[in-house]
file query.pdb (PDB, C-alpha atoms)
ATOM      1  CA  MET R  27      25.088  17.817   9.510
ATOM      2  CA  ILE R  28      23.402  19.691   6.689
ATOM      3  CA  ARG R  29      22.118  17.760   3.677
ATOM      4  CA  PHE R  30      20.748  19.062   0.417
ATOM      5  CA  ARG R  31      18.810  16.918  -2.045
ATOM      6  CA  ARG R  32      15.899  16.839  -4.452
ATOM      7  CA  SER R  33      12.532  15.633  -3.331
ATOM      8  CA  LYS R  34      13.136  11.956  -4.164
ATOM      9  CA  PHE R  35      12.145  11.326  -0.527
ATOM     10  CA  PHE R  36       8.582  11.595  -1.777
ATOM     11  CA  LYS R  37       7.392   9.090  -4.378
ATOM     12  CA  TYR R  38       4.798  11.462  -5.797
ATOM     13  CA  ARG R  39       6.342  14.823  -6.570
ATOM     14  CA  GLY R  40       3.396  17.021  -5.638
ATOM     15  CA  LEU R  41       2.303  14.946  -2.633
ATOM     16  CA  PRO R  42       3.815  17.102   0.179
ATOM     17  CA  PHE R  43       2.329  20.304  -1.214
ATOM     18  CA  ALA R  44      -1.014  18.623  -1.842
ATOM     19  CA  LEU R  45      -1.076  17.182   1.682
ATOM     20  CA  CYS R  46      -0.211  20.548   3.237
ATOM     21  CA  PHE R  47      -2.874  22.254   1.128
ATOM     22  CA  LEU R  48      -5.498  19.651   2.048
ATOM     23  CA  VAL R  49      -4.690  19.866   5.769
ATOM     24  CA  GLY R  50      -4.950  23.662   5.614
ATOM     25  CA  LEU R  51      -8.193  23.447   3.681
ATOM     26  CA  LEU R  52      -9.600  20.927   6.153
ATOM     27  CA  MET R  53      -8.685  23.156   9.097
ATOM     28  CA  THR R  54     -10.247  26.182   7.394
ATOM     29  CA  VAL R  55     -13.484  24.403   6.555
ATOM     30  CA  ALA R  56     -13.855  22.037   9.535
ATOM     31  CA  GLY R  57     -12.770  24.486  12.244
ATOM     32  CA  PRO R  58     -15.871  26.716  12.101
ATOM     33  CA  ALA R  59     -18.098  23.667  11.668
ATOM     34  CA  MET R  60     -17.119  22.463  15.134
ATOM     35  CA  GLY R  61     -19.228  25.192  16.762
ATOM     36  CA  SER R  62     -22.869  24.980  17.771
ATOM     37  CA  PRO R  63     -25.615  24.750  15.113
ATOM     38  CA  GLU R  64     -26.614  28.338  15.922
ATOM     39  CA  SER R  65     -23.108  29.653  15.372
ATOM     40  CA  ARG R  66     -22.806  27.667  12.138
ATOM     41  CA  ALA R  67     -26.056  29.158  10.863
ATOM     42  CA  ASP R  68     -24.847  32.680  11.662
ATOM     43  CA  LYS R  69     -21.537  32.297   9.854
ATOM     44  CA  ALA R  70     -21.299  31.157   6.267
ATOM     45  CA  THR R  71     -17.790  30.046   5.383
ATOM     46  CA  PRO R  72     -16.810  31.239   1.921
ATOM     47  CA  ALA R  73     -15.225  28.729  -0.419
ATOM     48  CA  PRO R  74     -11.439  28.881  -0.287
ATOM     49  CA  GLU R  75      -9.703  30.681  -3.108
ATOM     50  CA  PRO R  76      -7.921  28.429  -5.592
ATOM     51  CA  VAL R  77      -4.193  28.173  -4.979
ATOM     52  CA  GLU R  78      -2.049  29.078  -7.938
ATOM     53  CA  THR R  79       0.949  26.779  -8.117
ATOM     54  CA  LYS R  80       4.144  27.069 -10.076
ATOM     55  CA  GLY R  81       3.161  24.006 -12.036
ATOM     56  CA  ASN R  82       6.056  21.564 -11.814
ATOM     57  CA  GLY R  83       4.844  19.713  -8.694
ATOM     58  CA  GLU R  84       8.305  19.391  -7.138
ATOM     59  CA  VAL R  85       9.452  20.404  -3.678
ATOM     60  CA  LEU R  86      13.017  21.040  -2.604
ATOM     61  CA  LEU R  87      13.949  18.909   0.412
ATOM     62  CA  VAL R  88      16.800  19.941   2.701
ATOM     63  CA  SER R  89      17.679  18.911   6.220
ATOM     64  CA  LEU R  90      19.468  20.294   9.248
ATOM     65  CA  ASP R  91      20.716  17.834  11.829
ATOM     66  CA  GLY R  92      22.740  19.865  14.318
ATOM     67  CA  THR R  93      23.107  23.326  15.778
ATOM     68  CA  VAL R  94      21.917  26.573  14.223
ATOM     69  CA  ASN R  95      24.921  28.730  13.323
ATOM     70  CA  PRO R  96      26.036  31.158  10.596
ATOM     71  CA  GLY R  97      26.713  28.235   8.238
ATOM     72  CA  SER R  98      23.183  26.872   8.583
ATOM     73  CA  ALA R  99      21.746  30.390   8.157
ATOM     74  CA  ASP R 100      23.667  30.737   4.869
ATOM     75  CA  PHE R 101      22.524  27.248   3.837
ATOM     76  CA  PHE R 102      18.846  28.100   4.407
ATOM     77  CA  ARG R 103      19.250  31.410   2.553
ATOM     78  CA  TYR R 104      20.706  29.495  -0.404
ATOM     79  CA  ALA R 105      17.946  26.844  -0.216
ATOM     80  CA  LEU R 106      15.243  29.550  -0.273
ATOM     81  CA  GLU R 107      16.890  31.245  -3.256
ATOM     82  CA  ARG R 108      17.168  27.923  -5.085
ATOM     83  CA  ALA R 109      13.570  26.940  -4.283
ATOM     84  CA  THR R 110      12.295  30.271  -5.599
ATOM     85  CA  ALA R 111      14.513  30.406  -8.689
ATOM     86  CA  GLY R 112      13.890  26.741  -9.490
ATOM     87  CA  SER R 113      10.113  27.152  -9.428
ATOM     88  CA  TYR R 114       9.645  24.568  -6.692
ATOM     89  CA  GLU R 115       6.207  24.337  -5.077
ATOM     90  CA  ALA R 116       7.746  24.511  -1.590
ATOM     91  CA  LEU R 117      10.911  24.254   0.449
ATOM     92  CA  VAL R 118      10.613  21.301   2.848
ATOM     93  CA  ILE R 119      13.051  21.270   5.757
ATOM     94  CA  GLN R 120      13.613  18.165   7.851
ATOM     95  CA  LEU R 121      14.785  19.555  11.191
ATOM     96  CA  ASP R 122      16.546  18.020  14.193
ATOM     97  CA  THR R 123      18.289  20.657  16.302
ATOM     98  CA  PRO R 124      19.028  21.336  19.970
ATOM     99  CA  GLY R 125      19.143  25.058  19.116
ATOM    100  CA  GLY R 126      21.858  27.539  18.350
ATOM    101  CA  LEU R 127      22.790  31.167  17.956
ATOM    102  CA  VAL R 128      20.126  33.870  18.150
ATOM    103  CA  ASP R 129      21.559  36.006  15.326
ATOM    104  CA  SER R 130      21.631  33.032  12.940
ATOM    105  CA  THR R 131      18.109  32.081  13.996
ATOM    106  CA  ARG R 132      16.872  35.619  13.310
ATOM    107  CA  ASP R 133      18.399  35.497   9.815
ATOM    108  CA  ILE R 134      16.648  32.183   9.082
ATOM    109  CA  VAL R 135      13.305  33.346  10.487
ATOM    110  CA  GLN R 136      13.430  36.619   8.554
ATOM    111  CA  GLY R 137      14.028  34.670   5.346
ATOM    112  CA  PHE R 138      11.067  32.358   6.035
ATOM    113  CA  LEU R 139       8.699  35.200   6.945
ATOM    114  CA  ASN R 140       9.552  37.082   3.738
ATOM    115  CA  SER R 141       9.606  34.060   1.446
ATOM    116  CA  THR R 142       7.234  33.887  -1.515
ATOM    117  CA  THR R 143       7.883  30.135  -1.700
ATOM    118  CA  PRO R 144       6.043  28.201   1.025
ATOM    119  CA  VAL R 145       8.340  26.791   3.704
ATOM    120  CA  VAL R 146       7.424  23.522   5.436
ATOM    121  CA  VAL R 147       9.371  22.497   8.545
ATOM    122  CA  TYR R 148       9.099  18.832   9.420
ATOM    123  CA  VAL R 149      10.666  17.866  12.751
ATOM    124  CA  ALA R 150      11.952  14.368  12.035
ATOM    125  CA  PRO R 151      12.978  11.530  12.212
ATOM    126  CA  GLN R 152      11.344   9.938  15.241
ATOM    127  CA  GLY R 153      13.186  11.050  18.358
ATOM    128  CA  ALA R 154      14.232  14.376  16.790
ATOM    129  CA  ARG R 155      13.725  17.736  18.454
ATOM    130  CA  ALA R 156      13.233  21.376  17.630
ATOM    131  CA  GLY R 157      14.786  22.874  20.732
ATOM    132  CA  SER R 158      15.510  26.518  21.448
ATOM    133  CA  ALA R 159      16.272  28.086  18.032
ATOM    134  CA  GLY R 160      14.359  25.221  16.413
ATOM    135  CA  VAL R 161      11.172  26.508  18.047
ATOM    136  CA  MET R 162      11.441  29.853  16.256
ATOM    137  CA  ILE R 163      12.403  28.221  12.958
ATOM    138  CA  THR R 164       9.415  25.869  13.157
ATOM    139  CA  LEU R 165       7.016  28.683  14.105
ATOM    140  CA  ALA R 166       8.210  30.826  11.192
ATOM    141  CA  ALA R 167       7.429  28.174   8.580
ATOM    142  CA  HIS R 168       4.226  28.408   6.560
ATOM    143  CA  VAL R 169       3.478  24.808   7.593
ATOM    144  CA  ALA R 170       4.881  23.054  10.676
ATOM    145  CA  ALA R 171       4.705  19.296  11.143
ATOM    146  CA  MET R 172       6.262  16.782  13.510
ATOM    147  CA  ALA R 173       6.973  13.068  13.245
ATOM    148  CA  PRO R 174       5.788  10.812  16.092
ATOM    149  CA  SER R 175       7.986  10.827  19.216
ATOM    150  CA  THR R 176       9.537  14.224  18.447
ATOM    151  CA  ASN R 177       9.439  17.302  20.653
ATOM    152  CA  ILE R 178       9.539  21.069  20.426
ATOM    153  CA  GLY R 179      10.353  23.515  23.172
ATOM    154  CA  ALA R 180      12.862  24.870  25.657
ATOM    155  CA  ALA R 181      13.144  28.200  23.869
ATOM    156  CA  HIS R 182      14.473  30.168  26.847
ATOM    157  CA  PRO R 183      17.591  32.145  25.876
ATOM    158  CA  VAL R 184      20.892  31.221  27.514
ATOM    159  CA  ALA R 185      24.358  32.752  27.339
ATOM    160  CA  GLY R 186      26.868  31.039  25.114
ATOM    161  CA  GLY R 187      29.950  29.466  26.654
ATOM    162  CA  GLY R 188      28.250  28.715  29.970
ATOM    163  CA  GLN R 189      28.506  32.309  31.212
ATOM    164  CA  GLU R 190      26.117  33.647  33.810
ATOM    165  CA  MET R 191      23.984  36.651  32.850
ATOM    166  CA  ASP R 192      22.914  39.178  35.458
ATOM    167  CA  GLU R 193      19.231  39.410  36.335
ATOM    168  CA  THR R 194      18.570  42.609  34.364
ATOM    169  CA  MET R 195      20.168  41.301  31.167
ATOM    170  CA  THR R 196      18.361  37.960  31.506
ATOM    171  CA  ALA R 197      15.013  39.774  31.815
ATOM    172  CA  LYS R 198      15.751  41.997  28.787
ATOM    173  CA  ILE R 199      16.765  39.104  26.555
ATOM    174  CA  THR R 200      13.851  36.946  27.721
ATOM    175  CA  ASN R 201      11.306  39.718  27.069
ATOM    176  CA  ASP R 202      12.791  40.463  23.647
ATOM    177  CA  THR R 203      12.695  36.782  22.672
ATOM    178  CA  ALA R 204       9.131  36.350  23.968
ATOM    179  CA  ALA R 205       7.949  39.378  21.967
ATOM    180  CA  TRP R 206       9.695  37.999  18.878
ATOM    181  CA  ILE R 207       8.036  34.584  19.275
ATOM    182  CA  GLU R 208       4.618  36.228  19.760
ATOM    183  CA  GLY R 209       5.118  38.278  16.590
ATOM    184  CA  ILE R 210       6.049  35.188  14.573
ATOM    185  CA  ALA R 211       3.080  33.232  15.940
ATOM    186  CA  GLU R 212       0.710  36.115  15.182
ATOM    187  CA  GLN R 213       1.978  36.488  11.608
ATOM    188  CA  ARG R 214       1.511  32.757  11.000
ATOM    189  CA  GLY R 215      -1.889  32.621  12.734
ATOM    190  CA  ARG R 216      -0.650  30.357  15.522
ATOM    191  CA  ASN R 217      -1.393  30.354  19.239
ATOM    192  CA  LYS R 218       0.824  32.897  21.033
ATOM    193  CA  GLU R 219       0.620  31.045  24.335
TER     194      GLU R 219
END
call {"tool": "encode", "arguments": {"input": "query.pdb", "output": "structure tokens"}}
result
Amino acid sequence: MIRFRRSKFFKYRGLPFALCFLVGLLMTVAGPAMGSPESRADKATPAPEPVETKGNGEVLLVSLDGTVNPGSADFFRYALERATAGSYEALVIQLDTPGGLVDSTRDIVQGFLNSTTPVVVYVAPQGARAGSAGVMITLAAHVAAMAPSTNIGAAHPVAGGGQEMDETMTAKITNDTAAWIEGIAEQRGRNKE
């Protein structure tokens, strides 16, 4: 089920963006400080650049609870357009999916990677999952977060309809998907492993 609503989920309108910014800032500043004193002395961390916001402090909250298909790809395209045109600080997506179609997933990921509005994927509620296509969608977001007792994974491609793929085709599709995931992870500065 796909739901679309304003950010009334959050009591303070700018809180999600502020939290995401603070977590990113903390990781940027604290990460290098974890090294040895010698390495810290050798590397001075410049102060982070100020983030220019759109000023209204609101985020657009949408959710996907189900499979990824052409309808959900259109929905996310519309949500991105609305978030950008409406001057929202970010598009926040609450995600719970077992996966879905590769072509629809590619459309969603391409939209996220090219978005000028930050995209936050939050795998929730507790017990939710970002399986298969959900892995790529989560990786493509500017910020990825997960509620307690959620999981991400099982991104190995399978044939629709329960068909068996021959060994050569399975290898080609697997290699293509792995290269795609590595590219997404690299663009977002995430671990490729």
call {"tool": "atom_distance", "arguments": {"input": "query.pdb", "atom1": "atom CA of Leu117 of chain R", "atom2": "atom CA of Glu84 of chain R"}}
result
9.4 Å
call {"tool": "atom_distance", "arguments": {"input": "query.pdb", "atom1": "atom CA of Tyr114 of chain R", "atom2": "atom CA of Gln213 of chain R"}}
result
23.1 Å
call {"tool": "resolve_selection", "arguments": {"input": "query.pdb", "expression": "the PyMOL selection byres ((chain R and resi 92) around 9)", "output": "VMD selection string"}}
result
chain R and resid 27 to 28 90 to 91 93 to 94 121 to 126
call {"tool": "residues_around", "arguments": {"input": "query.pdb", "residues": "segment 141-158 of chain R", "least_positions_apart": "6", "cutoff": "6 Å", "atoms": "all atoms listed in the file", "output": "list of chain:residue names"}}
result
R:Thr110, R:Ala116, R:Leu117, R:Val118, R:Ile119, R:Gln120, R:Leu121, R:Asp122, R:Thr123, R:Pro124, R:Gly125, R:Thr164, R:Ala167, R:His168, R:Val169, R:Ala170, R:Ala171, R:Met172, R:Ala173, R:Pro174, R:Ser175, R:Thr176, R:Asn177, R:Ile178, R:Gly179, R:Ala180, R:Ala181
call {"tool": "axis_aligned_box", "arguments": {"input": "query.pdb", "around": "segment 207-210 of chain R", "padding_each_side": "3 Å", "output": "AutoDock Vina command-line options"}}
result
--center_x 6.3 --center_y 36.4 --center_z 17.2 --size_x 9.4 --size_y 9.7 --size_z 11.2
call {"tool": "closest_residue", "arguments": {"input": "query.pdb", "among": "R:Leu127, R:Ala204, R:Val88, R:Ile210", "to": "Tyr104 of chain R", "atoms": "only C-alpha atoms"}}
result
R:Val88
call {"tool": "closest_residue", "arguments": {"input": "query.pdb", "among": "R:Leu165, R:Ala197, R:Ala111, R:Ala105", "to": "Thr131 of chain R", "atoms": "all atoms listed in the file"}}
result
R:Leu165
call {"tool": "closest_residue", "arguments": {"input": "query.pdb", "among": "R:Ser113, R:Asn82, R:Ser130, R:Thr203", "to": "Ala99 of chain R", "atoms": "all atoms listed in the file"}}
result
R:Ser130
call {"tool": "residues_around", "arguments": {"input": "query.pdb", "residues": "Glu208 of chain R", "least_positions_apart": "3", "cutoff": "6 Å", "atoms": "all atoms listed in the file", "output": "list in words"}}
result
Ala205, Ala211 and Lys218 of chain R
call {"tool": "atom_distance", "arguments": {"input": "query.pdb", "atom1": "atom CA of Glu219 of chain R", "atom2": "atom CA of Met191 of chain R"}}
result
25.5 Å
call {"tool": "closest_residue", "arguments": {"input": "query.pdb", "among": "R:Arg108, R:Ile163, R:Asp100, R:Arg214", "to": "Leu87 of chain R", "atoms": "only C-alpha atoms"}}
result
R:Arg108
